[in-house]
$ cat upload-v1.cif   # mmCIF, C-alpha atoms and all ligand atoms
data_model
#
loop_
_atom_site.label_atom_id
_atom_site.label_comp_id
_atom_site.auth_asym_id
_atom_site.auth_seq_id
_atom_site.Cartn_x
_atom_site.Cartn_y
_atom_site.Cartn_z
CA MET A 1 10.97 -38.41 2.63
CA ASP A 2 9.89 -36.02 -0.11
CA LYS A 3 10.41 -32.30 0.26
CA ILE A 4 6.81 -31.38 1.06
CA SER A 5 6.77 -33.99 3.84
CA GLN A 6 10.01 -32.50 5.16
CA LEU A 7 8.40 -29.05 5.13
CA GLN A 8 5.34 -30.43 6.91
CA GLU A 9 7.51 -31.95 9.60
CA ILE A 10 9.43 -28.69 10.10
CA ILE A 11 6.15 -26.76 10.43
CA ASN A 12 4.83 -29.34 12.91
CA ASN A 13 7.94 -28.97 15.06
CA SER A 14 8.26 -25.17 14.87
CA LYS A 15 7.03 -22.68 17.45
CA LYS A 16 7.89 -19.33 15.88
CA ILE A 17 7.53 -19.29 12.12
CA VAL A 18 8.02 -16.14 10.05
CA PHE A 19 6.87 -16.05 6.44
CA PHE A 20 8.69 -13.77 4.01
CA GLY A 21 6.85 -13.43 0.72
CA GLY A 22 7.46 -11.80 -2.63
CA ALA A 23 5.64 -11.20 -5.91
CA GLY A 24 5.11 -14.91 -6.55
CA VAL A 25 2.55 -15.04 -3.73
CA SER A 26 0.41 -12.44 -5.50
CA VAL A 27 1.02 -13.82 -8.98
CA ALA A 28 -0.58 -17.05 -7.69
CA SER A 29 -3.76 -14.98 -7.22
CA GLY A 30 -3.60 -13.75 -10.79
CA LEU A 31 -1.91 -10.42 -10.18
CA LYS A 32 0.39 -9.21 -12.92
CA ASP A 33 4.08 -9.39 -12.21
CA PHE A 34 5.25 -6.06 -13.57
CA ARG A 35 8.87 -7.02 -12.99
CA SER A 36 8.82 -10.14 -15.12
CA LYS A 37 10.36 -9.97 -18.57
CA ASP A 38 7.12 -10.91 -20.29
CA GLY A 39 5.09 -8.48 -18.20
CA LEU A 40 2.49 -6.36 -19.95
CA TYR A 41 4.48 -3.17 -19.61
CA ASN A 42 6.84 -4.30 -22.34
CA MET A 43 4.10 -3.87 -24.87
CA LYS A 44 2.51 -0.66 -23.69
CA TYR A 45 4.82 1.56 -21.71
CA PRO A 46 7.77 3.50 -23.01
CA TYR A 47 9.57 3.33 -19.63
CA PRO A 48 10.71 0.37 -17.54
CA PRO A 49 8.52 -0.25 -14.45
CA GLU A 50 11.37 0.67 -12.09
CA GLU A 51 11.44 4.09 -13.75
CA ILE A 52 7.68 4.62 -13.61
CA LEU A 53 7.43 3.49 -9.99
CA SER A 54 10.15 5.86 -8.82
CA HIS A 55 9.86 8.97 -6.72
CA HIS A 56 11.16 11.36 -9.37
CA PHE A 57 8.82 9.91 -11.99
CA PHE A 58 5.80 10.36 -9.70
CA ILE A 59 6.75 14.00 -9.17
CA ASN A 60 7.60 14.81 -12.80
CA ASN A 61 5.24 12.53 -14.76
CA THR A 62 2.31 12.07 -12.38
CA GLU A 63 -0.17 11.34 -15.17
CA GLU A 64 2.01 8.63 -16.75
CA PHE A 65 2.63 7.20 -13.28
CA TYR A 66 -1.08 6.85 -12.57
CA LYS A 67 -1.89 5.36 -15.98
CA PHE A 68 0.54 2.54 -15.24
CA TYR A 69 -0.34 2.27 -11.55
CA LYS A 70 -4.08 2.01 -12.12
CA GLN A 71 -3.70 -0.63 -14.79
CA MET A 72 -1.02 -2.78 -13.20
CA LEU A 73 -1.83 -2.57 -9.51
CA ASN A 74 -5.61 -2.63 -9.42
CA THR A 75 -6.68 -5.66 -7.39
CA LYS A 76 -10.36 -5.54 -8.31
CA GLY A 77 -11.56 -9.14 -8.65
CA ILE A 78 -8.31 -10.54 -7.20
CA GLU A 79 -8.81 -12.87 -4.23
CA PRO A 80 -6.39 -14.33 -1.68
CA ASN A 81 -5.15 -17.80 -2.67
CA ILE A 82 -4.25 -20.96 -0.74
CA VAL A 83 -0.90 -19.46 0.35
CA HIS A 84 -2.66 -16.51 2.03
CA THR A 85 -5.35 -18.65 3.66
CA PHE A 86 -2.86 -21.27 4.89
CA LEU A 87 -0.85 -18.53 6.60
CA THR A 88 -3.96 -17.10 8.23
CA LYS A 89 -4.71 -20.53 9.73
CA LEU A 90 -1.09 -20.97 10.77
CA GLU A 91 -1.25 -17.63 12.60
CA GLU A 92 -4.51 -18.64 14.30
CA SER A 93 -2.82 -21.87 15.45
CA GLY A 94 -0.20 -19.76 17.25
CA LYS A 95 2.79 -20.96 15.22
CA LEU A 96 3.17 -18.05 12.83
CA THR A 97 4.49 -14.88 14.45
CA ALA A 98 4.64 -12.58 11.41
CA ILE A 99 4.16 -12.26 7.68
CA ILE A 100 6.66 -9.98 6.02
CA THR A 101 5.70 -9.09 2.48
CA GLN A 102 7.11 -7.12 -0.41
CA ASN A 103 3.63 -7.00 -1.94
CA ILE A 104 1.39 -3.95 -1.67
CA ASP A 105 -1.91 -5.58 -2.62
CA ASN A 106 -3.44 -6.09 0.86
CA LEU A 107 -4.22 -9.77 0.13
CA HIS A 108 -2.83 -11.11 3.43
CA THR A 109 -5.04 -8.75 5.42
CA LEU A 110 -7.98 -9.60 3.18
CA ALA A 111 -7.37 -13.28 3.97
CA GLY A 112 -7.63 -12.47 7.68
CA SER A 113 -3.98 -12.36 8.75
CA LYS A 114 -3.27 -9.96 11.61
CA LYS A 115 0.48 -9.47 11.86
CA VAL A 116 1.40 -8.35 8.34
CA LEU A 117 4.53 -6.26 7.88
CA GLU A 118 4.29 -4.55 4.51
CA LEU A 119 7.79 -3.47 3.56
CA HIS A 120 6.63 -1.62 0.47
CA GLY A 121 3.36 -0.18 1.78
CA ASN A 122 -0.24 -0.83 0.78
CA ILE A 123 -2.36 0.40 -2.14
CA ASN A 124 -5.32 0.87 0.20
CA ARG A 125 -3.58 3.71 2.00
CA ASN A 126 -3.25 6.98 0.13
CA TYR A 127 -2.63 10.50 1.34
CA CYS A 128 -3.04 14.01 -0.02
CA THR A 129 0.37 15.50 -0.69
CA ILE A 130 -0.83 18.87 0.64
CA CYS A 131 -3.20 18.31 3.59
CA ASN A 132 -2.39 14.64 4.32
CA LYS A 133 -6.06 13.55 4.19
CA PHE A 134 -6.48 9.76 3.95
CA TYR A 135 -8.06 8.04 0.94
CA GLY A 136 -8.79 4.33 0.41
CA GLY A 137 -7.77 2.31 -2.61
CA ASP A 138 -11.20 2.43 -4.25
CA TYR A 139 -11.05 6.20 -4.43
CA ILE A 140 -7.82 6.03 -6.40
CA PHE A 141 -8.79 3.24 -8.78
CA ASN A 142 -12.31 4.57 -9.36
CA SER A 143 -11.41 8.24 -9.81
CA LYS A 144 -12.50 9.56 -13.20
CA GLU A 145 -9.54 11.87 -13.47
CA ILE A 146 -6.29 10.07 -14.27
CA VAL A 147 -4.54 11.79 -11.36
CA PRO A 148 -6.69 11.48 -8.21
CA LYS A 149 -7.11 14.74 -6.32
CA CYS A 150 -8.05 15.59 -2.76
CA ASP A 151 -10.99 17.85 -1.81
CA CYS A 152 -8.36 20.55 -1.22
CA GLY A 153 -7.07 20.20 -4.79
CA GLY A 154 -3.85 18.45 -3.79
CA ILE A 155 -2.55 15.40 -5.64
CA ILE A 156 -3.03 12.14 -3.76
CA LYS A 157 -0.04 9.84 -3.40
CA PRO A 158 -0.25 6.10 -2.62
CA ASP A 159 1.43 5.04 0.63
CA VAL A 160 3.68 2.65 -1.24
CA VAL A 161 7.44 2.80 -1.21
CA LEU A 162 8.60 3.96 -4.62
CA TYR A 163 12.08 3.43 -5.95
CA GLU A 164 14.41 6.09 -4.45
CA GLU A 165 12.24 6.26 -1.31
CA GLU A 166 13.14 5.00 2.16
CA LEU A 167 11.40 2.02 3.72
CA ASP A 168 9.31 2.74 6.78
CA TYR A 169 11.66 2.52 9.76
CA ASP A 170 9.20 0.87 12.18
CA THR A 171 8.16 -1.79 9.65
CA LEU A 172 11.78 -2.58 8.88
CA SER A 173 12.89 -2.84 12.50
CA GLU A 174 9.86 -4.97 13.42
CA SER A 175 10.69 -7.26 10.47
CA ILE A 176 14.27 -7.62 11.68
CA ARG A 177 13.05 -8.37 15.22
CA SER A 178 10.58 -11.02 14.00
CA ILE A 179 13.14 -12.73 11.77
CA SER A 180 15.85 -12.73 14.45
CA GLU A 181 13.48 -14.37 16.98
CA ALA A 182 12.05 -17.00 14.61
CA ASP A 183 12.96 -20.69 14.73
CA THR A 184 11.76 -21.18 11.15
CA LEU A 185 11.83 -18.75 8.23
CA ILE A 186 9.85 -19.60 5.11
CA VAL A 187 10.82 -17.48 2.12
CA ALA A 188 8.47 -17.86 -0.82
CA GLY A 189 7.78 -16.35 -4.21
CA THR A 190 10.80 -14.08 -4.30
CA SER A 191 14.10 -14.27 -6.12
CA LEU A 192 15.61 -12.39 -3.16
CA ASN A 193 17.20 -9.94 -5.55
CA VAL A 194 15.12 -6.94 -4.58
CA TYR A 195 16.29 -4.77 -1.72
CA PRO A 196 15.94 -5.28 1.22
CA ALA A 197 15.00 -8.96 1.07
CA ALA A 198 18.48 -10.42 0.95
CA GLY A 199 19.69 -8.21 3.79
CA LEU A 200 16.78 -9.10 6.07
CA ILE A 201 17.38 -12.82 5.78
CA THR A 202 20.87 -12.46 7.22
CA TYR A 203 19.22 -11.63 10.59
CA PHE A 204 17.78 -15.14 10.83
CA ARG A 205 19.29 -17.20 13.67
CA GLY A 206 16.89 -20.14 13.73
CA ASN A 207 17.28 -23.74 12.60
CA ASN A 208 15.17 -23.93 9.47
CA LEU A 209 15.57 -21.64 6.49
CA ILE A 210 13.15 -22.78 3.81
CA ILE A 211 12.98 -21.37 0.30
CA ILE A 212 10.00 -22.08 -1.92
CA ASN A 213 10.26 -20.58 -5.37
CA LYS A 214 9.70 -21.66 -8.95
CA ASP A 215 13.21 -20.64 -9.93
CA ILE A 216 16.49 -20.97 -8.08
CA THR A 217 17.57 -18.07 -5.84
CA SER A 218 20.95 -16.80 -4.75
CA PHE A 219 20.23 -18.03 -1.20
CA ASP A 220 19.42 -21.63 -2.07
CA ARG A 221 22.78 -22.90 -0.86
CA ASN A 222 22.22 -21.30 2.57
CA ALA A 223 18.83 -22.94 3.01
CA ASN A 224 18.01 -26.15 4.89
CA LEU A 225 15.25 -26.96 2.43
CA VAL A 226 14.69 -25.64 -1.10
CA ILE A 227 11.50 -26.43 -2.98
CA ASN A 228 11.49 -25.29 -6.61
CA ASP A 229 7.83 -25.73 -7.31
CA ASP A 230 4.53 -23.95 -7.79
CA LEU A 231 3.50 -22.17 -4.58
CA LYS A 232 -0.15 -23.14 -4.76
CA ARG A 233 0.76 -26.78 -5.27
CA VAL A 234 3.11 -26.75 -2.27
CA PHE A 235 0.73 -24.99 0.12
CA SER A 236 -2.32 -27.00 -0.87
CA SER A 237 -0.42 -30.13 0.22
CA LEU A 238 0.24 -28.81 3.75
CA LYS A 239 -1.83 -29.28 6.89
CA ILE A 240 -1.95 -27.18 10.04
ZN ZN A 301 -5.77 17.63 0.58
#

$ encode --input "upload-v1.cif" --output "C-alpha cells"
Amino acid sequence: MDKISQLQEIINNSKKIVFFGGAGVSVASGLKDFRSKDGLYNMKYPYPPEEILSHHFFINNTEEFYKFYKQMLNTKGIEPNIVHTFLTKLEESGKLTAIITQNIDNLHTLAGSKKVLELHGNINRNYCTICNKFYGGDYIFNSKEIVPKCDCGGIIKPDVVLYEEELDYDTLSESIRSISEADTLIVAGTSLNVYPAAGLITYFRGNNLIIINKDITSFDRNANLVINDDLKRVFSSLKI
C-alpha cells in the first residue's frame, strides 16, 4: 500500500484527529516564508527576521518593524488552500478535534474551521498599547502611516507572539490537552525546530503520529508514517 493510502486508512479509522501545522501550510497558499533561506528579507532587510519580529525590536525600532511586517505578513489576495478546506470538512465530519497552528494568517478560520488554536496569535487582532482598543487587520495593513496609531494616539501592536514573548497560556494548555487526548496526530508543513512545536508533540499518547513535510524532520524516526511530499498534492488525494 502506498503512503497516501496508508494515511487515508488511518484517517478512516481515527476518531480524534489533531492537526498540527506550520509555515508550509501557508506557503502552499502563496504566503512568503520569511524564515526560509531564500526568503525576500535577505535582499531587502538589514536584520534577520527573528530580530525584526522580536519584542525589543518592536519597542525600539517600531517603524522598521512595521515596514517588514506590512510587506511580509499581509494576506491580501491570499486564499485558503486544499489543506485548509480538507481540515474544515474533517472537522465537520466529527473526526477532527482541533487544529493547532504556528501560523498567524487566519487562513484556517477563513476556510471555516472552528477549533483553531493559534500558538503565535493572529494578524487580525491588534490592540492599542495605551488604551487596549481593538483594531482589525485591515486597519493595520491599510494605514497610511507606517506605524498604525489608535484614536488616542497610542501605537497599535499586533496580537502575535513576537520572539522573546510568552505564548498565551490558555492556548498552550488547550493544545496540550487536545494532543494528549488524540488518537491520531498529523503534523504538517513544519520542520519542528521552532519552539514550542517539538515539546508539544511529546504529549501525544495516541497510535498514529503522521508527519507530512517536504523535507525530513528531527521527529521522523518517532513517526508511524512519514510522507516527504508536497502538502497540496497529499491533501488533494484524500477523501473524507
Ligand atoms: Zn488607544

$ residues_around --input "upload-v1.cif" --residues "region 145-149 of chain A" --least-positions-apart "3" --cutoff "8 Å" --atoms "all atoms listed in the file" --output "PDB file with C-alpha atoms, in the frame of the given file"
ATOM      1  CA  THR A  62       2.310  12.070 -12.380  1.00  0.00           C
ATOM      2  CA  GLU A  63      -0.170  11.340 -15.170  1.00  0.00           C
ATOM      3  CA  TYR A  66      -1.080   6.850 -12.570  1.00  0.00           C
ATOM      4  CA  LYS A  67      -1.890   5.360 -15.980  1.00  0.00           C
ATOM      5  CA  CYS A 128      -3.040  14.010  -0.020  1.00  0.00           C
ATOM      6  CA  TYR A 139     -11.050   6.200  -4.430  1.00  0.00           C
ATOM      7  CA  ILE A 140      -7.820   6.030  -6.400  1.00  0.00           C
ATOM      8  CA  CYS A 152      -8.360  20.550  -1.220  1.00  0.00           C
ATOM      9  CA  GLY A 153      -7.070  20.200  -4.790  1.00  0.00           C
ATOM     10  CA  GLY A 154      -3.850  18.450  -3.790  1.00  0.00           C
ATOM     11  CA  ILE A 155      -2.550  15.400  -5.640  1.00  0.00           C
ATOM     12  CA  ILE A 156      -3.030  12.140  -3.760  1.00  0.00           C
TER      13      ILE A 156
END

$ atom_distance --input "upload-v1.cif" --atom1 "CA of Leu96 (chain A)" --atom2 "CA of Asn222 (chain A)"
21.9 Å

$ closest_residue --input "upload-v1.cif" --among "A:Asn132, A:Thr75, A:Thr101, A:Asn81" --to "ligand ZN 301 (chain A)" --atoms "all atoms listed in the file"
A:Asn132

$ atom_distance --input "upload-v1.cif" --atom1 "CA of Ile4 (chain A)" --atom2 "CA of Tyr203 (chain A)"
25.2 Å

$ atom_distance --input "upload-v1.cif" --atom1 "CA of Ser236 (chain A)" --atom2 "CA of Ile104 (chain A)"
23.4 Å

$ axis_aligned_box --input "upload-v1.cif" --around "region 167-176 of chain A" --padding-each-side "3 Å" --output "AutoDock Vina command-line options"
--center_x 11.2 --center_y -2.4 --center_z 8.6 --size_x 12.1 --size_y 16.4 --size_z 15.7

$ residues_around --input "upload-v1.cif" --residues "region 166-180 of chain A" --least-positions-apart "3" --cutoff "12 Å" --atoms "all atoms listed in the file" --output "PDB file with C-alpha atoms, keeping the file's coordinate frame"
ATOM      1  CA  LYS A  16       7.890 -19.330  15.880  1.00  0.00           C
ATOM      2  CA  ILE A  17       7.530 -19.290  12.120  1.00  0.00           C
ATOM      3  CA  VAL A  18       8.020 -16.140  10.050  1.00  0.00           C
ATOM      4  CA  PHE A  19       6.870 -16.050   6.440  1.00  0.00           C
ATOM      5  CA  PHE A  20       8.690 -13.770   4.010  1.00  0.00           C
ATOM      6  CA  SER A  54      10.150   5.860  -8.820  1.00  0.00           C
ATOM      7  CA  HIS A  55       9.860   8.970  -6.720  1.00  0.00           C
ATOM      8  CA  LEU A  96       3.170 -18.050  12.830  1.00  0.00           C
ATOM      9  CA  THR A  97       4.490 -14.880  14.450  1.00  0.00           C
ATOM     10  CA  ALA A  98       4.640 -12.580  11.410  1.00  0.00           C
ATOM     11  CA  ILE A  99       4.160 -12.260   7.680  1.00  0.00           C
ATOM     12  CA  ILE A 100       6.660  -9.980   6.020  1.00  0.00           C
ATOM     13  CA  THR A 101       5.700  -9.090   2.480  1.00  0.00           C
ATOM     14  CA  GLN A 102       7.110  -7.120  -0.410  1.00  0.00           C
ATOM     15  CA  LYS A 115       0.480  -9.470  11.860  1.00  0.00           C
ATOM     16  CA  VAL A 116       1.400  -8.350   8.340  1.00  0.00           C
ATOM     17  CA  LEU A 117       4.530  -6.260   7.880  1.00  0.00           C
ATOM     18  CA  GLU A 118       4.290  -4.550   4.510  1.00  0.00           C
ATOM     19  CA  LEU A 119       7.790  -3.470   3.560  1.00  0.00           C
ATOM     20  CA  HIS A 120       6.630  -1.620   0.470  1.00  0.00           C
ATOM     21  CA  GLY A 121       3.360  -0.180   1.780  1.00  0.00           C
ATOM     22  CA  ASN A 122      -0.240  -0.830   0.780  1.00  0.00           C
ATOM     23  CA  ASP A 159       1.430   5.040   0.630  1.00  0.00           C
ATOM     24  CA  VAL A 160       3.680   2.650  -1.240  1.00  0.00           C
ATOM     25  CA  VAL A 161       7.440   2.800  -1.210  1.00  0.00           C
ATOM     26  CA  LEU A 162       8.600   3.960  -4.620  1.00  0.00           C
ATOM     27  CA  TYR A 163      12.080   3.430  -5.950  1.00  0.00           C
ATOM     28  CA  ASP A 183      12.960 -20.690  14.730  1.00  0.00           C
ATOM     29  CA  THR A 184      11.760 -21.180  11.150  1.00  0.00           C
ATOM     30  CA  LEU A 185      11.830 -18.750   8.230  1.00  0.00           C
ATOM     31  CA  ILE A 186       9.850 -19.600   5.110  1.00  0.00           C
ATOM     32  CA  VAL A 187      10.820 -17.480   2.120  1.00  0.00           C
ATOM     33  CA  TYR A 195      16.290  -4.770  -1.720  1.00  0.00           C
ATOM     34  CA  PRO A 196      15.940  -5.280   1.220  1.00  0.00           C
ATOM     35  CA  ALA A 197      15.000  -8.960   1.070  1.00  0.00           C
ATOM     36  CA  ALA A 198      18.480 -10.420   0.950  1.00  0.00           C
ATOM     37  CA  GLY A 199      19.690  -8.210   3.790  1.00  0.00           C
ATOM     38  CA  LEU A 200      16.780  -9.100   6.070  1.00  0.00           C
ATOM     39  CA  ILE A 201      17.380 -12.820   5.780  1.00  0.00           C
ATOM     40  CA  THR A 202      20.870 -12.460   7.220  1.00  0.00           C
ATOM     41  CA  TYR A 203      19.220 -11.630  10.590  1.00  0.00           C
ATOM     42  CA  PHE A 204      17.780 -15.140  10.830  1.00  0.00           C
ATOM     43  CA  ARG A 205      19.290 -17.200  13.670  1.00  0.00           C
ATOM     44  CA  GLY A 206      16.890 -20.140  13.730  1.00  0.00           C
ATOM     45  CA  ASN A 207      17.280 -23.740  12.600  1.00  0.00           C
ATOM     46  CA  ASN A 208      15.170 -23.930   9.470  1.00  0.00           C
ATOM     47  CA  LEU A 209      15.570 -21.640   6.490  1.00  0.00           C
TER      48      LEU A 209
END

$ residues_around --input "upload-v1.cif" --residues "Asp2 (chain A)" --least-positions-apart "6" --cutoff "12 Å" --atoms "only C-alpha atoms" --output "PyMOL selection string"
chain A and resi 8-9+225-227+234+237

$ closest_residue --input "upload-v1.cif" --among "A:Pro80, A:Gly137, A:Gly94, A:Gly189" --to "Thr109 (chain A)" --atoms "only C-alpha atoms"
A:Pro80

$ decode --input "upload-v1.cif" --residues "region 182-198 of chain A" --atoms "C-alpha atoms" --output "compact mmCIF listing (two decimals), in the first residue's frame"
# COMPACT_ATOMS: atom_id res chain seq x y z
CA ALA A 182 -5.97 12.47 20.29
CA ASP A 183 -5.72 9.03 18.70
CA THR A 184 -4.06 10.49 15.60
CA LEU A 185 -1.74 13.47 15.29
CA ILE A 186 -0.99 14.84 11.84
CA VAL A 187 1.99 17.18 11.78
CA ALA A 188 2.40 19.04 8.51
CA GLY A 189 4.45 21.80 6.96
CA THR A 190 6.81 22.27 9.87
CA SER A 191 10.40 21.25 10.45
CA LEU A 192 9.51 21.00 14.16
CA ASN A 193 12.52 23.11 15.01
CA VAL A 194 10.63 26.15 16.21
CA TYR A 195 9.60 26.33 19.84
CA PRO A 196 7.23 25.01 21.13
CA ALA A 197 6.37 22.53 18.38
CA ALA A 198 8.77 19.77 19.35
